[in-house]
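Let me begin by presenting the structure, written as C-alpha cells, before commenting on it.
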Amino acid sequence: MDSQPDQPTQTSPRRGGRPARETSLNRQILALAVPAFGALIAEPLFILADSSIVGHLGTPQLAGLSVASTVVQTVIGLMVFLSYSTTPAVARFFGARNLPAAYEKGRDGLWVGLGLGVVIAVALWALAEPLLRALGARGEALGYAVDYLSWSMLGLPGMLLVLAAVGILRGLQDTRTPLYVAGAGAVVNVGLNYLLVYPLGLGVAGSAIGTSLVQWGMAAVYLVLVARGCRRHGVGLFATTPARLGAILKVGSWLMLRTLSMRVALLATVFVVTSQGSTNLAAYQIVMAFFSFLAFALDALAIAAQALLGKEMGARDVRAEEGKRHVRRLMGRLVRWSLGFGVVTGLLCPLVGFGLGWVFTSDPQVQHLFALALLVVAVGQPLASYVFILDGVLIGAQDVRYLAVASFIALLGYTPMLAGVYALGGGPGEMDPAGFVWLWIAYAIVYMGLRGVTLGLRARRDVWIRP
C-alpha cells in the first residue's frame, strides 16, 4: 500500500512493434482495472446470491427482496461518494509523494462513513414499513420487504466504512487488496446466507443478517490495514477536525446530488415495474441484479480512471500543455478499453438470459421475462461502458459540480418516457412482457444515452483538467 508512484516514462523505444510508453500505460490500466473488477462486483454478488437463495422460497419473497434491496442499494449508491471523493484526493497526494497527507484524507473519509452509517441505519429501521409502502410494496411482499430492510440496517455502517476504506486503497493505486477482501466476503456470504435461510429457517431475514455480518467482517479487515498505514506515517486516527470532515462532505455533496439523480431514476423505474405486478417485479429484481453486476464490471475501468488521473494530476503540471496532453491521451486510452469491455459484456447477456434463468428462479414466466430484458441490455452495453468511463474520468478530475448537473438533466429527459411506459402498462395482476421490454428500453438505452451525451460534451473540452 505504501509503494512509491511510478515515474513518468521519458523515452519511447518500441517493444514488439508498440511504443514502450503505450505498453506501460496499458499495463497500468490493467493492473488497476482487473483487480478492481473483482472487488466492484462483490456487492452485486451479494444481491445476486440473495436473489438466487431467496428466489427459491417463492415469488412473494423475491418481490419483497426486490423492493427492499432497491432501498439498500439506493443508500449505498448515495454514499458511494465516500469512495469517489476519497480516491482522487488520496491519489493526488500519492502522485505528489505526500503519503501522510494521503492517509489524513483517507482517515477523514472513514469518520464521515461511520457517522453517516449509524444515522441512516437508525432512520431507515424506524421508517422501513411506510417507506416500502410508498414504493408500492403490498400484501405478503411488504412483510418480506420490511424483514429484509430492517435486518440489513445492522450492516449498513460497516458497508459505509468499506466504501471509504476502498477509496483510500484505490487512491494509493492498490486495487488488489479490495479484490481479496471482497472475494472472500462474497464466498462467505453465499454459505452463511444459505445456512441462515434454509437449515436455520430464518427465511428472508436470514439473508439480510448474513450479508450484514459479512459487511462488518470486511470493514474490520480494512480498518486494520488503514490503521497500520496511519501509524507508519505518523497520522493519528482520532486527529481529524470538523473542518476536515466538512471538506469531505462539501465535495461529497455534489457527488451525492449526482448519485441522487441516478437513484431517483432507478426508484421511479421500480415504481413503474411494481405497477406491472409481482411477476414483472420479481423478474426485474433478477435483471437489475445482473445489470448491476455488469455495471460494476464496466466500472472497473472507471476506477482505473479515477486512480490514474488523480495520480497524474498530482505528479504533473496540468497548467502546461504537456501535462494536459498526457491527461487527454490517458482519457482516450481508457475510453477505447471501456468500449471493448462493453462489447464483451453485451455478448454475455443473451447467453445468460436464455441459458441460466433457471439459476435465479424456478418460475417459467419470470425466466421468460429475464431473457427478453437481457436482449435489450445487451444492445445497450457499449453505450453503458462509454457512460461509466467518462463518469470515472470526470470524478478523477474532481469535476463533481458538472457531474451533478449532467445527471439531473439526464433524469429530466428520462422521466417522460418512463411515464409513457407506466401509462401503457397492463393491470397489476397480469404478466406484461411488452411493458417489461419497454421499461428496459427506456432505462438501458434512452436513459444511458442521455447520460452519454451530457458527459461526452464535457469530456471533449479541457475545462475539466484543473490543477
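By convention in this document, the chains of the C-alpha cells carry letters A, B, ... by their order, each chain's residues are numbered from 1, and ligands are numbered from 1 in the order they are shown.
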Would you mind listing what lies within 10 Å of A:Gly38 as an MDAnalysis selection string, with only C-alpha atoms counted and same-chain residues fewer than 6 positions away left out?
chainID A and resid 175:176 178:183 296:297 300
Stretch 309-359 of chain A residues near stretch 382-406 of chain A within 6 Å, closest pair each, using only C-alpha atoms, as CSV:
residue,atom,partner,partner_atom,distance
A:Leu309,CA,A:Gly396,CA,5.5
A:Gly310,CA,A:Gly396,CA,5.3
A:Ser338,CA,A:Ser385,CA,5.6
A:Leu339,CA,A:Pro382,CA,5.6
A:Gly342,CA,A:Pro382,CA,4.1
A:Val343,CA,A:Pro382,CA,5.5
Check the smallest atom-to-atom distance from each of A:Leu154, A:Leu196, A:Leu163, A:Ala243 to A:Leu213 using only C-alpha atoms, then report the winner.
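The closest residue to A:Leu213 is A:Leu154.
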Within 12 Å of A:Leu172, counting only C-alpha atoms, which residues qualify if same-chain residues fewer than 5 places away don't, as a count of residues only?
40
Selection: 7 Å around A:Met153, only C-alpha atoms, excl. self and same-chain fewer than 4 positions, as a ChimeraX atom specification:
/A:121,125,149
As a PyMOL selection string, please: every residue in stretch 1-245 of chain A that DSSP puts in strand (DSSP E).
chain A and resi 14-15+18-19
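The nearest approach to A:Leu135 among the residues A:Phe81, A:Leu195, A:Gly64, A:Asp432, with only C-alpha atoms taken into account, belongs to A:Gly64.
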Using only C-alpha atoms, which residues sit within 9 Å of A:Val264 once same-chain residues fewer than 5 positions away are excluded, as a PDB file with C-alpha atoms, in the first residue's frame?
ATOM      1  CA  THR A  74     -30.015   3.380  -3.170  1.00  0.00           C
ATOM      2  CA  THR A 259     -25.961   9.875  -7.477  1.00  0.00           C
ATOM      3  CA  THR A 269     -38.276   2.584 -12.588  1.00  0.00           C
ATOM      4  CA  LEU A 411     -33.175  12.445 -15.272  1.00  0.00           C
TER       5      LEU A 411
END
Find the spatial neighbours of A:Cys349, counting only C-alpha atoms, within a cut-off of 7 Å - ignore same-chain residues fewer than 3 positions away - and output them as a PDB file with all heavy atoms, in the first residue's frame.
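Okay, this is what ended up in out_17.pdb:
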ATOM      1  N   THR A 345     -19.283  -7.620 -22.586  1.00  0.00           N
ATOM      2  CA  THR A 345     -20.390  -7.836 -21.651  1.00  0.00           C
ATOM      3  C   THR A 345     -21.723  -7.924 -22.389  1.00  0.00           C
ATOM      4  O   THR A 345     -22.629  -8.661 -21.972  1.00  0.00           O
ATOM      5  CB  THR A 345     -20.455  -6.717 -20.600  1.00  0.00           C
ATOM      6  OG1 THR A 345     -20.556  -5.450 -21.260  1.00  0.00           O
ATOM      7  CG2 THR A 345     -19.219  -6.737 -19.718  1.00  0.00           C
ATOM      8  N   GLY A 346     -21.858  -7.181 -23.501  1.00  0.00           N
ATOM      9  CA  GLY A 346     -23.077  -7.280 -24.295  1.00  0.00           C
ATOM     10  C   GLY A 346     -23.274  -8.655 -24.888  1.00  0.00           C
ATOM     11  O   GLY A 346     -24.392  -9.181 -24.939  1.00  0.00           O
ATOM     12  N   VAL A 352     -26.601 -15.628 -20.962  1.00  0.00           N
ATOM     13  CA  VAL A 352     -27.112 -15.773 -19.602  1.00  0.00           C
ATOM     14  C   VAL A 352     -28.641 -15.773 -19.610  1.00  0.00           C
ATOM     15  O   VAL A 352     -29.290 -16.580 -18.936  1.00  0.00           O
ATOM     16  CB  VAL A 352     -26.579 -14.644 -18.700  1.00  0.00           C
ATOM     17  CG1 VAL A 352     -27.253 -14.667 -17.329  1.00  0.00           C
ATOM     18  CG2 VAL A 352     -25.070 -14.749 -18.551  1.00  0.00           C
ATOM     19  N   GLY A 353     -29.240 -14.870 -20.387  1.00  0.00           N
ATOM     20  CA  GLY A 353     -30.688 -14.733 -20.381  1.00  0.00           C
ATOM     21  C   GLY A 353     -31.425 -15.982 -20.815  1.00  0.00           C
ATOM     22  O   GLY A 353     -32.429 -16.376 -20.205  1.00  0.00           O
ATOM     23  N   LEU A 374     -32.745  -9.139 -21.069  1.00  0.00           N
ATOM     24  CA  LEU A 374     -31.301  -9.171 -21.295  1.00  0.00           C
ATOM     25  C   LEU A 374     -30.940  -8.959 -22.760  1.00  0.00           C
ATOM     26  O   LEU A 374     -29.818  -8.564 -23.075  1.00  0.00           O
ATOM     27  CB  LEU A 374     -30.705 -10.479 -20.778  1.00  0.00           C
ATOM     28  CG  LEU A 374     -30.540 -10.576 -19.259  1.00  0.00           C
ATOM     29  CD1 LEU A 374     -29.613 -11.722 -18.879  1.00  0.00           C
ATOM     30  CD2 LEU A 374     -30.028  -9.278 -18.649  1.00  0.00           C
ATOM     31  N   LEU A 375     -31.869  -9.211 -23.680  1.00  0.00           N
ATOM     32  CA  LEU A 375     -31.617  -8.856 -25.073  1.00  0.00           C
ATOM     33  C   LEU A 375     -31.491  -7.337 -25.225  1.00  0.00           C
ATOM     34  O   LEU A 375     -30.637  -6.832 -25.967  1.00  0.00           O
ATOM     35  CB  LEU A 375     -32.745  -9.373 -25.966  1.00  0.00           C
ATOM     36  CG  LEU A 375     -32.792 -10.880 -26.213  1.00  0.00           C
ATOM     37  CD1 LEU A 375     -34.020 -11.241 -27.050  1.00  0.00           C
ATOM     38  CD2 LEU A 375     -31.522 -11.356 -26.928  1.00  0.00           C
ATOM     39  N   ALA A 378     -28.217  -6.156 -23.641  1.00  0.00           N
ATOM     40  CA  ALA A 378     -27.072  -6.458 -24.499  1.00  0.00           C
ATOM     41  C   ALA A 378     -26.818  -5.337 -25.501  1.00  0.00           C
ATOM     42  O   ALA A 378     -25.666  -4.932 -25.729  1.00  0.00           O
ATOM     43  CB  ALA A 378     -27.311  -7.776 -25.241  1.00  0.00           C
TER      44      ALA A 378
END
Spatial neighbours of A:Ala371, max dist 12 Å, only C-alpha atoms, sep filter under 4 positions, as a list in words
Ala283, Tyr284, Ile286, Val287, Phe290, Leu348, Cys349, Pro350, Leu351, Val352, Gly353, Phe354, Gly355, Leu356, Gly357, Trp358, Phe360, Pro364, Gln365, Val366, Gln367, Leu375, Val376, Val377, Ala378, Pro433, Phe436, Val437 and Trp440 of chain A
With only C-alpha atoms as the atoms that count, which of A:Ile465, A:Ile409, A:Ala289, A:Ile120 lies nearest to A:Ser52?
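Once distances to A:Ser52 are computed over only C-alpha atoms, the minimum belongs to A:Ala289.
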So what do you get for atom CA of A:Asp108 versus atom CA of A:Arg258, distance-wise?
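It comes out at 21.5 Å.
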One number please: atom CA of A:Phe271 to atom CA of A:Ala419, in Å, one decimal.
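If I compute the distance from atom CA of A:Phe271 to atom CA of A:Ala419, I get 10.5 Å.
The gap separating atom CA of A:Ala33 from atom CA of A:Ala164 is 18.5 Å, in Å to one decimal.
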Please determine, counting only C-alpha atoms, which residue among A:Ala39, A:Ile53, A:Tyr422, A:Pro157 has the shortest atom-to-atom distance to A:Ala220.
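Of the candidates, the smallest distance to A:Ala220 is held by A:Pro157.
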